[in-house]
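Colleague: Next comes target.cif, mmCIF, C-alpha atoms:
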data_protein
loop_
_atom_site.label_atom_id
_atom_site.label_comp_id
_atom_site.auth_asym_id
_atom_site.auth_seq_id
_atom_site.Cartn_x
_atom_site.Cartn_y
_atom_site.Cartn_z
CA MET A 1 0.00 0.00 0.00
CA GLU A 2 1.16 3.52 -0.62
CA GLY A 3 0.43 6.61 1.42
CA ILE A 4 1.16 10.29 0.92
CA ALA A 5 3.69 11.96 3.20
CA PHE A 6 4.02 15.72 3.07
CA SER A 7 7.51 17.25 3.05
CA PRO A 8 7.96 20.63 4.76
CA SER A 9 8.97 23.54 2.55
CA ASN A 10 10.07 27.10 3.11
CA ASN A 11 8.11 28.12 0.05
CA PHE A 12 4.42 28.45 -0.60
CA HIS A 13 3.34 24.83 -0.58
CA CYS A 14 4.32 21.23 -0.07
CA TYR A 15 4.72 18.70 -2.83
CA PRO A 16 3.59 15.17 -2.08
CA GLN A 17 6.18 12.44 -1.97
CA ILE A 18 5.05 8.81 -2.31
CA HIS A 19 6.50 6.32 0.19
CA PRO A 20 5.50 2.66 0.57
CA ILE A 21 4.13 1.95 4.05
CA LYS A 22 2.57 -1.04 5.76
CA THR A 23 -0.33 0.73 7.44
CA LEU A 24 -1.99 4.08 7.02
CA THR A 25 -3.08 5.86 10.19
CA PRO A 26 -6.32 7.84 9.77
CA ILE A 27 -5.68 11.60 9.81
CA PRO A 28 -8.48 14.07 10.62
CA PHE A 29 -8.87 16.86 8.05
CA ARG A 30 -10.30 20.30 8.52
CA PHE A 31 -11.49 22.11 5.38
CA CYS A 32 -11.47 25.86 4.92
CA ASN A 33 -11.58 28.45 2.16
CA TYR A 34 -8.53 30.50 1.26
CA LYS A 35 -9.65 34.06 0.53
CA THR A 36 -7.95 36.01 -2.22
CA ASN A 37 -7.99 39.70 -3.05
CA ASN A 38 -10.68 38.87 -5.60
CA PRO A 39 -14.01 38.46 -3.77
CA LYS A 40 -15.12 35.98 -6.42
CA GLN A 41 -12.20 33.65 -5.69
CA SER A 42 -11.67 31.14 -2.92
CA LEU A 43 -9.50 28.05 -2.77
CA LEU A 44 -10.28 24.93 -0.79
CA SER A 45 -7.47 23.91 1.52
CA PHE A 46 -7.11 21.66 4.54
CA SER A 47 -5.12 21.18 7.69
CA ILE A 48 -3.59 17.93 8.90
CA ASN A 49 -4.05 17.42 12.64
CA SER A 50 -2.04 15.02 14.72
CA SER A 51 -4.39 15.60 17.67
CA LYS A 52 -8.06 16.38 18.05
CA THR A 53 -7.38 19.45 20.16
CA SER A 54 -5.05 21.39 17.84
CA GLN A 55 -6.22 22.37 14.35
CA THR A 56 -4.19 24.81 12.24
CA PRO A 57 -5.44 25.56 8.71
CA ILE A 58 -2.92 25.25 5.91
CA THR A 59 -3.54 27.65 3.06
CA GLN A 60 -1.84 28.29 -0.24
CA PRO A 61 -1.94 31.24 -2.64
CA PRO A 62 -4.26 31.09 -5.66
CA PRO A 63 -2.44 28.94 -8.21
CA LEU A 64 -0.94 29.56 -11.59
CA VAL A 65 -3.12 27.70 -14.11
CA VAL A 66 -1.59 26.91 -17.51
CA VAL A 67 -3.96 25.78 -20.27
CA GLY A 68 -2.07 24.65 -23.33
CA SER A 69 0.04 22.19 -25.23
CA ALA A 70 2.24 19.25 -24.32
CA ASN A 71 4.67 17.86 -26.89
CA ALA A 72 7.33 15.24 -27.19
CA ASP A 73 10.28 17.23 -28.54
CA ILE A 74 12.38 15.14 -30.93
CA TYR A 75 15.81 16.78 -30.88
CA VAL A 76 18.28 16.47 -33.74
CA GLU A 77 21.64 18.20 -33.24
CA ILE A 78 23.11 19.60 -36.44
CA ASP A 79 25.85 22.00 -37.50
CA ARG A 80 23.56 23.84 -39.91
CA LEU A 81 20.09 23.65 -41.45
CA PRO A 82 19.83 21.60 -44.66
CA THR A 83 19.19 23.44 -47.91
CA GLU A 84 16.27 22.52 -50.16
CA GLY A 85 16.62 18.96 -51.44
CA GLU A 86 19.65 18.24 -49.23
CA THR A 87 20.09 15.39 -46.75
CA ILE A 88 22.47 15.90 -43.83
CA SER A 89 23.46 13.77 -40.83
CA ALA A 90 22.66 14.72 -37.25
CA LYS A 91 25.34 14.49 -34.58
CA ASN A 92 22.86 13.27 -32.00
CA GLY A 93 19.14 12.77 -31.42
CA GLN A 94 16.85 12.23 -28.44
CA THR A 95 13.24 12.76 -27.35
CA LEU A 96 12.42 15.07 -24.42
CA ALA A 97 9.17 16.37 -22.95
CA GLY A 98 8.15 19.86 -24.05
CA GLY A 99 5.39 21.95 -25.60
CA LYS A 100 4.73 25.58 -24.69
CA GLY A 101 2.04 24.80 -22.15
CA ALA A 102 3.98 22.02 -20.44
CA ASN A 103 7.13 24.16 -20.43
CA GLN A 104 5.37 27.07 -18.73
CA ALA A 105 3.64 24.84 -16.19
CA THR A 106 6.91 23.16 -15.25
CA CYS A 107 8.59 26.54 -14.93
CA GLY A 108 5.92 27.75 -12.50
CA ALA A 109 6.17 24.62 -10.37
CA LYS A 110 10.00 24.64 -10.37
CA LEU A 111 9.81 28.22 -9.08
CA SER A 112 7.94 26.80 -6.06
CA TYR A 113 4.57 28.24 -7.01
CA PRO A 114 1.47 25.99 -6.97
CA THR A 115 0.76 25.24 -10.63
CA TYR A 116 -1.95 23.31 -12.46
CA PHE A 117 -1.77 22.16 -16.08
CA VAL A 118 -4.88 21.74 -18.22
CA GLY A 119 -4.11 19.88 -21.43
CA GLN A 120 -4.28 16.66 -23.43
CA VAL A 121 -1.89 13.86 -24.38
CA GLY A 122 -2.34 10.61 -26.25
CA ASP A 123 -2.37 7.17 -24.66
CA ASP A 124 1.08 6.37 -25.98
CA ALA A 125 4.74 6.39 -25.01
CA HIS A 126 5.11 10.11 -25.67
CA GLY A 127 2.11 10.84 -23.45
CA LYS A 128 3.65 8.83 -20.62
CA LEU A 129 6.97 10.64 -21.10
CA ILE A 130 5.28 14.04 -20.75
CA THR A 131 3.10 13.03 -17.81
CA GLN A 132 6.11 11.74 -15.92
CA ALA A 133 8.17 14.85 -16.68
CA LEU A 134 5.40 17.19 -15.52
CA GLY A 135 4.83 15.17 -12.35
CA ASN A 136 8.55 15.10 -11.57
CA GLY A 137 8.58 18.88 -11.99
CA GLY A 138 5.90 19.31 -9.32
CA VAL A 139 3.01 20.23 -11.64
CA ARG A 140 -0.51 19.34 -10.49
CA LEU A 141 -1.99 17.00 -13.10
CA GLU A 142 -5.64 16.56 -12.07
CA TYR A 143 -6.71 18.32 -15.29
CA LEU A 144 -4.37 16.57 -17.73
CA LYS A 145 -6.38 14.18 -19.92
CA SER A 146 -5.07 11.09 -21.71
CA LEU A 147 -7.00 10.50 -24.94
CA GLY A 148 -7.77 7.08 -26.35
CA GLY A 149 -8.96 6.23 -29.82
CA GLY A 150 -5.49 6.32 -31.35
CA VAL A 151 -5.07 10.11 -30.99
CA PRO A 152 -1.29 10.65 -30.79
CA THR A 153 0.48 12.93 -28.38
CA GLY A 154 1.59 16.18 -29.97
CA HIS A 155 5.24 16.25 -30.97
CA ALA A 156 7.81 18.56 -32.46
CA VAL A 157 11.02 18.18 -34.40
CA VAL A 158 13.62 20.52 -32.92
CA MET A 159 16.61 21.15 -35.18
CA LEU A 160 19.23 22.37 -32.73
CA GLN A 161 22.31 24.02 -34.19
CA SER A 162 25.70 24.16 -32.47
CA ASN A 163 25.26 27.85 -31.55
CA GLY A 164 22.15 27.02 -29.49
CA GLN A 165 19.66 28.41 -32.02
CA ASN A 166 16.83 26.20 -33.19
CA SER A 167 14.16 25.68 -35.83
CA ILE A 168 11.00 23.78 -34.85
CA ILE A 169 8.25 21.94 -36.72
CA ILE A 170 5.13 21.08 -34.67
CA VAL A 171 2.64 18.22 -35.15
CA GLY A 172 -0.48 19.11 -33.14
CA GLY A 173 -1.82 15.65 -32.28
CA ALA A 174 -3.81 15.64 -29.02
CA ASN A 175 -3.14 19.35 -28.55
CA MET A 176 -5.34 20.25 -31.52
CA SER A 177 -7.93 17.45 -31.64
CA SER A 178 -10.73 15.98 -29.51
CA TRP A 179 -11.24 19.02 -27.30
CA PRO A 180 -14.90 19.26 -26.26
CA ASP A 181 -17.00 21.98 -27.87
CA LYS A 182 -17.69 23.21 -24.35
CA LEU A 183 -15.14 22.80 -21.57
CA SER A 184 -16.36 21.07 -18.43
CA ASP A 185 -17.37 23.02 -15.34
CA GLN A 186 -14.51 21.28 -13.53
CA ASP A 187 -11.93 22.63 -15.98
CA LEU A 188 -13.40 26.13 -15.87
CA ASP A 189 -13.63 26.13 -12.06
CA VAL A 190 -9.87 25.75 -11.67
CA VAL A 191 -9.47 28.66 -14.11
CA LYS A 192 -11.89 30.87 -12.18
CA ASN A 193 -10.06 30.15 -8.91
CA ALA A 194 -6.60 30.86 -10.32
CA GLY A 195 -4.33 33.69 -9.31
CA ILE A 196 -3.24 34.04 -12.93
CA VAL A 197 -3.89 32.11 -16.17
CA LEU A 198 -1.35 31.44 -18.93
CA LEU A 199 -2.37 30.62 -22.51
CA GLN A 200 -0.51 29.93 -25.78
CA ARG A 201 -1.47 29.21 -29.40
CA GLU A 202 -0.63 25.52 -29.69
CA ILE A 203 -4.22 24.55 -28.85
CA PRO A 204 -7.43 25.62 -30.68
CA ASP A 205 -8.41 29.28 -30.40
CA SER A 206 -11.90 28.13 -29.39
CA VAL A 207 -10.46 26.59 -26.21
CA ASN A 208 -8.41 29.66 -25.41
CA ILE A 209 -11.47 31.89 -25.87
CA GLN A 210 -13.54 29.82 -23.41
CA VAL A 211 -10.75 29.85 -20.83
CA ALA A 212 -9.94 33.55 -21.20
CA LYS A 213 -13.61 34.50 -21.00
CA ALA A 214 -14.12 32.45 -17.82
CA ALA A 215 -10.98 33.90 -16.22
CA LYS A 216 -11.87 37.47 -17.16
CA GLY A 217 -15.36 37.03 -15.75
CA ALA A 218 -13.86 35.90 -12.44
CA GLY A 219 -11.39 38.79 -12.30
CA VAL A 220 -8.36 36.59 -12.99
CA THR A 221 -5.42 38.05 -14.95
CA VAL A 222 -4.89 36.40 -18.34
CA ILE A 223 -1.49 36.33 -20.05
CA MET A 224 -1.52 35.22 -23.69
CA ASP A 225 1.76 33.97 -25.17
CA ALA A 226 1.58 34.57 -28.92
CA GLY A 227 3.77 31.57 -29.75
CA GLY A 228 2.23 28.71 -31.71
CA MET A 229 0.07 28.75 -34.80
CA ASP A 230 0.91 31.27 -37.51
CA ALA A 231 -2.59 32.69 -37.99
CA PRO A 232 -4.40 35.95 -37.22
CA MET A 233 -5.34 36.43 -33.56
CA PRO A 234 -9.13 36.40 -33.10
CA GLN A 235 -10.44 39.72 -31.78
CA GLU A 236 -12.80 37.75 -29.53
CA LEU A 237 -9.75 36.28 -27.79
CA LEU A 238 -7.79 39.52 -27.51
CA LYS A 239 -10.61 41.31 -25.70
CA PHE A 240 -10.26 38.88 -22.78
CA VAL A 241 -6.44 39.14 -22.57
CA ASP A 242 -4.77 41.38 -19.99
CA ILE A 243 -1.15 40.92 -21.08
CA PHE A 244 -0.21 39.87 -24.61
CA SER A 245 3.30 38.43 -24.95
CA PRO A 246 4.78 38.05 -28.45
CA ASN A 247 8.36 38.08 -29.65
CA GLU A 248 9.38 40.57 -32.36
CA SER A 249 8.40 38.40 -35.31
CA GLU A 250 5.05 37.41 -33.77
CA LEU A 251 4.32 41.05 -33.02
CA GLY A 252 5.09 41.93 -36.64
CA ARG A 253 2.83 39.18 -38.02
CA LEU A 254 -0.06 40.13 -35.75
CA THR A 255 0.06 43.84 -36.52
CA GLY A 256 1.34 43.73 -40.10
CA MET A 257 4.00 46.26 -39.10
CA PRO A 258 7.83 46.16 -39.20
CA THR A 259 9.60 45.39 -35.92
CA ASP A 260 13.24 45.88 -36.87
CA ASN A 261 14.03 48.49 -34.21
CA PHE A 262 12.67 49.72 -30.89
CA GLU A 263 10.70 52.59 -32.41
CA GLN A 264 8.94 50.23 -34.81
CA ILE A 265 8.28 47.78 -31.97
CA SER A 266 6.77 50.61 -29.92
CA GLN A 267 4.47 51.54 -32.80
CA ALA A 268 3.40 47.91 -33.24
CA ALA A 269 2.69 47.65 -29.51
CA ALA A 270 0.57 50.81 -29.75
CA LYS A 271 -1.47 49.10 -32.47
CA CYS A 272 -2.07 46.20 -30.07
CA HIS A 273 -3.37 48.73 -27.56
CA LYS A 274 -5.87 49.91 -30.17
CA MET A 275 -6.87 46.29 -30.70
CA GLY A 276 -7.90 46.11 -27.05
CA VAL A 277 -4.82 44.76 -25.25
CA LYS A 278 -3.65 47.26 -22.63
CA GLN A 279 -0.29 45.60 -21.84
CA VAL A 280 2.11 44.14 -24.39
CA LEU A 281 5.13 42.19 -23.12
CA VAL A 282 7.59 41.81 -26.00
CA LYS A 283 10.43 39.29 -25.90
CA LEU A 284 13.39 40.72 -27.83
CA GLY A 285 15.88 37.84 -27.75
CA ALA A 286 19.42 39.07 -27.27
CA LYS A 287 18.09 42.63 -26.88
CA GLY A 288 16.12 41.75 -23.74
CA SER A 289 12.46 42.58 -23.30
CA ALA A 290 10.07 45.49 -23.00
CA LEU A 291 6.65 46.01 -21.42
CA PHE A 292 4.37 48.51 -23.16
CA ILE A 293 1.49 49.64 -20.94
CA GLU A 294 -1.04 51.91 -22.61
CA GLY A 295 -0.59 55.51 -21.49
CA GLU A 296 2.77 54.86 -19.80
CA GLU A 297 6.44 54.90 -20.76
CA PRO A 298 7.83 51.49 -21.82
CA ILE A 299 9.71 49.48 -19.22
CA THR A 300 12.79 47.88 -20.73
CA GLN A 301 14.90 45.00 -19.43
CA PRO A 302 18.28 43.97 -20.87
CA ILE A 303 19.23 40.31 -20.96
CA ILE A 304 21.25 38.81 -18.14
CA PRO A 305 24.07 37.16 -20.13
CA ALA A 306 24.31 33.37 -19.87
CA ALA A 307 27.65 31.74 -19.16
CA GLN A 308 27.02 29.48 -22.18
CA VAL A 309 24.10 29.25 -24.62
CA VAL A 310 23.29 25.56 -25.15
CA ASP A 311 19.63 25.58 -26.23
CA THR A 312 17.16 28.47 -26.59
CA THR A 313 14.09 26.23 -27.10
CA GLY A 314 12.32 26.96 -23.81
CA ALA A 315 13.68 30.45 -23.14
CA GLY A 316 10.56 32.35 -24.18
CA ASP A 317 8.30 30.04 -22.19
CA THR A 318 10.55 30.36 -19.15
CA PHE A 319 10.47 34.14 -19.45
CA THR A 320 6.68 34.36 -19.72
CA ALA A 321 5.98 31.90 -16.92
CA SER A 322 8.54 33.50 -14.59
CA PHE A 323 7.01 36.91 -15.26
CA ALA A 324 3.60 35.46 -14.38
CA VAL A 325 4.85 33.96 -11.12
CA ALA A 326 6.49 37.22 -10.05
CA LEU A 327 3.35 39.16 -10.98
CA VAL A 328 0.96 36.94 -9.02
CA GLU A 329 3.31 37.22 -6.05
CA GLY A 330 2.78 40.99 -6.09
CA LYS A 331 6.12 42.17 -7.44
CA SER A 332 6.33 45.40 -9.43
CA LYS A 333 6.39 45.17 -13.22
CA ARG A 334 10.08 46.10 -13.30
CA GLU A 335 10.86 43.40 -10.71
CA CYS A 336 8.85 40.92 -12.77
CA LEU A 337 10.93 41.68 -15.87
CA ASN A 338 14.19 41.30 -13.93
CA PHE A 339 13.09 38.01 -12.38
CA ALA A 340 12.03 36.67 -15.78
CA ALA A 341 15.32 37.72 -17.40
CA ALA A 342 17.28 35.80 -14.77
CA ALA A 343 15.19 32.67 -15.22
CA ALA A 344 15.57 32.80 -19.02
CA SER A 345 19.34 33.23 -18.67
CA LEU A 346 19.57 30.01 -16.67
CA CYS A 347 17.22 28.15 -19.02
CA VAL A 348 19.37 28.52 -22.14
CA GLN A 349 22.34 26.87 -20.43
CA VAL A 350 20.72 23.39 -20.46
CA LYS A 351 19.47 21.30 -23.41
CA GLY A 352 15.75 20.55 -23.49
CA ALA A 353 12.91 22.85 -22.47
CA ILE A 354 11.51 21.05 -19.41
CA PRO A 355 14.89 19.79 -18.11
CA SER A 356 16.26 23.35 -18.33
CA MET A 357 13.64 25.02 -16.11
CA PRO A 358 15.46 26.72 -13.20
CA ASP A 359 14.44 26.53 -9.55
CA ARG A 360 13.72 29.57 -7.42
CA LYS A 361 16.96 29.40 -5.45
CA SER A 362 19.06 29.45 -8.64
CA VAL A 363 17.16 32.46 -9.99
CA LEU A 364 17.53 34.41 -6.75
CA ASN A 365 21.22 33.56 -6.52
CA LEU A 366 21.77 34.84 -10.07
CA LEU A 367 19.93 38.07 -9.31
CA GLN A 368 22.12 38.62 -6.27
CA SER A 369 25.26 38.15 -8.35
CA VAL A 370 24.47 40.67 -11.10
#
Once more with this new file: its structure as structure tokens, please.
Modeller:
Amino acid sequence: MEGIAFSPSNNFHCYPQIHPIKTLTPIPFRFCNYKTNNPKQSLLSFSINSSKTSQTPITQPPPLVVVGSANADIYVEIDRLPTEGETISAKNGQTLAGGKGANQATCGAKLSYPTYFVGQVGDDAHGKLITQALGNGGVRLEYLKSLGGGVPTGHAVVMLQSNGQNSIIIVGGANMSSWPDKLSDQDLDVVKNAGIVLLQREIPDSVNIQVAKAAKGAGVTVIMDAGGMDAPMPQELLKFVDIFSPNESELGRLTGMPTDNFEQISQAAAKCHKMGVKQVLVKLGAKGSALFIEGEEPITQPIIPAAQVVDTTGAGDTFTASFAVALVEGKSKRECLNFAAAAASLCVQVKGAIPSMPDRKSVLNLLQSV
């Protein structure tokens, strides 16, 4: 028989560790509601009592909820991209768990913030690989569904060059198929009780619209990562988004404007404001990042240089998720940008998106050293 033993933590919550035991002693539970700043939100929590006379409620902050994709990333390491019609040999190849949604969820959990992932995988080896990686990262998986009927897990071919840059081809699989026309009340309840919700564009827009609408109605902040499908952003989705987070090329595609320099990026961000998004968080690669809030001066953040760039695959996801964690913890926007820059700097030093997610202690140590 297996029981759940809770390990003490200096952070916000405790992750369960599974230990085999011979007997399981009954433990009385006391249920209570955790109140957030949003009067519409409350989280159910419980206290574990070793005696009947002493009952201390254990509460946790409203969680980060990531709704999005989970992929098996098939890495091929090459010196350069092949030209049209050319066949080249890879130096190495391996399959690692990834996908923008799974990356961001793992990042939140590794930063010691309670994080739920809502997504879909296939009932196959890739699905098991992703589920195990997310669980090992501390992500709550009550809302991760495994699909039958031969629907494959989403996967991606990551062509990783020796300088750490990559090119990626995505196969949607379970990420893009078999979603219900209407999400269940259970799935939407976890969204409504979140502290912040993260979305990306590797799942259908119709799903993102339902989630963003539910979150907005409950007063929950919605961050939309623009990464994923190369298609126009539905206006119905944008009107429910609080913070829109593209990189330069995504910003250019969305607005139809050039983004070759900071002035052009500022003008493109202003167009997003006119489209209904009040805050635009732009990832600028080696040039850092910038937050454009309507009616305010931009807040810029330079990169924190990495000791060595090994793989940039999960850097954008790490940045967005780290920004979200810092924001829901109540940090200022400038502090959020700095925290996210440090996390992204650590991420690019390890191959593989999920394996590269930094923990909170490493991020804080880096910030103290710069």
Colleague: I'd like the interatomic distance between atom CA of A:Asn163 and atom CA of A:Thr320, to a tenth of an Å.
Modeller: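 Computing it gives 23.0 Å between the two atoms.
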Colleague: Can you report as AutoDock Vina command-line options the centre and edge lengths in Å, to one decimal, of an axis-aligned box around the listed atoms of stretch 294-298 of chain A padded with 3 Å on each side?
Modeller:
--center_x 3.4 --center_y 53.5 --center_z -21.2 --size_x 14.9 --size_y 10.0 --size_z 8.8
Colleague: What residues come out when you apply the PyMOL selection byres ((chain A and resi 313-317) around 8) to this file, written as a list in words?
Modeller: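 When the PyMOL selection byres ((chain A and resi 313-317) around 8) is applied to the shown file, the picked residues are Lys100, Asn103, Gln104, Gln165, Asn166, Lys283, Asp311, Thr312, Thr318, Phe319, Thr320, Ala321, Ala344, Ser345, Cys347, Val348, Gly352, Ala353, Ile354 and Ser356 of chain A.
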Colleague: Do you know which residues the PyMOL selection byres ((chain A and resi 63-76) around 6) returns on this file, as a VMD selection string?
Modeller: chain A and resid 62 77 90 92 to 102 105 114 to 119 126 154 to 159 175 194 to 199 202 to 203
Colleague: Could you check how far atom CA of A:Val309 sits from atom CA of A:Ile78, in Å to one decimal?
Modeller: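 About the pair atom CA of A:Val309 and atom CA of A:Ile78: they are 15.3 Å apart.
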Colleague: Once the PyMOL selection byres ((chain A and resi 109) around 10) is applied to the coordinates I shared, what remains selected? I want it as a list in words.
Modeller: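 Against this file, the PyMOL selection byres ((chain A and resi 109) around 10) returns the residues Tyr15, Pro63, Leu64, Gln104, Ala105, Thr106, Cys107, Gly108, Lys110, Leu111, Ser112, Tyr113, Pro114, Thr115, Tyr116, Leu134, Gly135, Asn136, Gly137, Gly138, Val139, Arg140, Ala321, Val325, Met357, Pro358, Asp359 and Arg360 of chain A.
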Colleague: For each of A:Val328, A:Val350, A:Phe339, A:Asp185, take the minimum atom-to-atom distance to A:Pro61, counting all atoms listed in the file, then give the residue where this is smallest.
Modeller: A:Val328
Colleague: For A:Ala268, which of A:Gly256, A:Gly228, A:Pro152, A:Pro234 is the closest residue, counting all atoms listed in the file?
Modeller: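 Using all atoms listed in the file, the shortest distance to A:Ala268 belongs to A:Gly256.
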Colleague: Which residue, A:Leu188, A:Leu160, A:Val282, A:Ile243, has the smallest gap to A:Gly217 when you use only C-alpha atoms?
Modeller: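 Closest to A:Gly217 of all the choices is A:Leu188.
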Colleague: In Å, how far is it from atom CA of A:Met257 to atom CA of A:Ala290?
Modeller: 17.2 Å
Colleague: Could you pull the residues within 10 Å of A:Gly150, counting only C-alpha atoms, minus those fewer than 3 positions along the same chain, as a list of chain:residue names?
Modeller: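 Selected residues are A:Gly122, A:Asp123, A:Asp124, A:Leu147, A:Thr153, A:Ala174.
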Colleague: Kindly indicate which residue among A:Ile169, A:Val151, A:Leu251, A:Ala214 lies nearest to A:Lys182, using all atoms listed in the file for the distances.
Modeller: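 Among the listed residues, the smallest separation from A:Lys182 belongs to A:Ala214.
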Colleague: For a cut-off of 8 Å around (-15.2, 37.1, -23.8), file coordinates, pick out all residues using all atoms listed in the file and list them as a list in words.
Modeller: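 Protein and nucleic acid residues near the point are Ile209, Gln210, Ala212, Lys213, Ala214, Lys216, Glu236, Leu237, Lys239 and Phe240 of chain A.
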Colleague: Residues of the last selection are to be written out with C-alpha atoms, as a short mmCIF file (atom, residue, chain, number, x, y, z; two decimals), in the frame of the given file.
Modeller:
data_model
loop_
_atom_site.label_atom_id
_atom_site.label_comp_id
_atom_site.auth_asym_id
_atom_site.auth_seq_id
_atom_site.Cartn_x
_atom_site.Cartn_y
_atom_site.Cartn_z
CA ILE A 209 -11.47 31.89 -25.87
CA GLN A 210 -13.54 29.82 -23.41
CA ALA A 212 -9.94 33.55 -21.20
CA LYS A 213 -13.61 34.50 -21.00
CA ALA A 214 -14.12 32.45 -17.82
CA LYS A 216 -11.87 37.47 -17.16
CA GLU A 236 -12.80 37.75 -29.53
CA LEU A 237 -9.75 36.28 -27.79
CA LYS A 239 -10.61 41.31 -25.70
CA PHE A 240 -10.26 38.88 -22.78
#
Colleague: Using all atoms listed in the file, which protein or nucleic acid residues come within 7 Å of A:Leu281? Drop anything in the same chain fewer than 4 positions from it, and give the result as a PyMOL selection string.
Modeller: chain A and resi 243-246+290-292
Colleague: Could those selected residues go to a file with C-alpha atoms, as a short mmCIF file (atom, residue, chain, number, x, y, z; two decimals), in the coordinates of the input?
Modeller:
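Just written: part-v6.cif:
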data_model
loop_
_atom_site.label_atom_id
_atom_site.label_comp_id
_atom_site.auth_asym_id
_atom_site.auth_seq_id
_atom_site.Cartn_x
_atom_site.Cartn_y
_atom_site.Cartn_z
CA ILE A 243 -1.15 40.92 -21.08
CA PHE A 244 -0.21 39.87 -24.61
CA SER A 245 3.30 38.43 -24.95
CA PRO A 246 4.78 38.05 -28.45
CA ALA A 290 10.07 45.49 -23.00
CA LEU A 291 6.65 46.01 -21.42
CA PHE A 292 4.37 48.51 -23.16
#
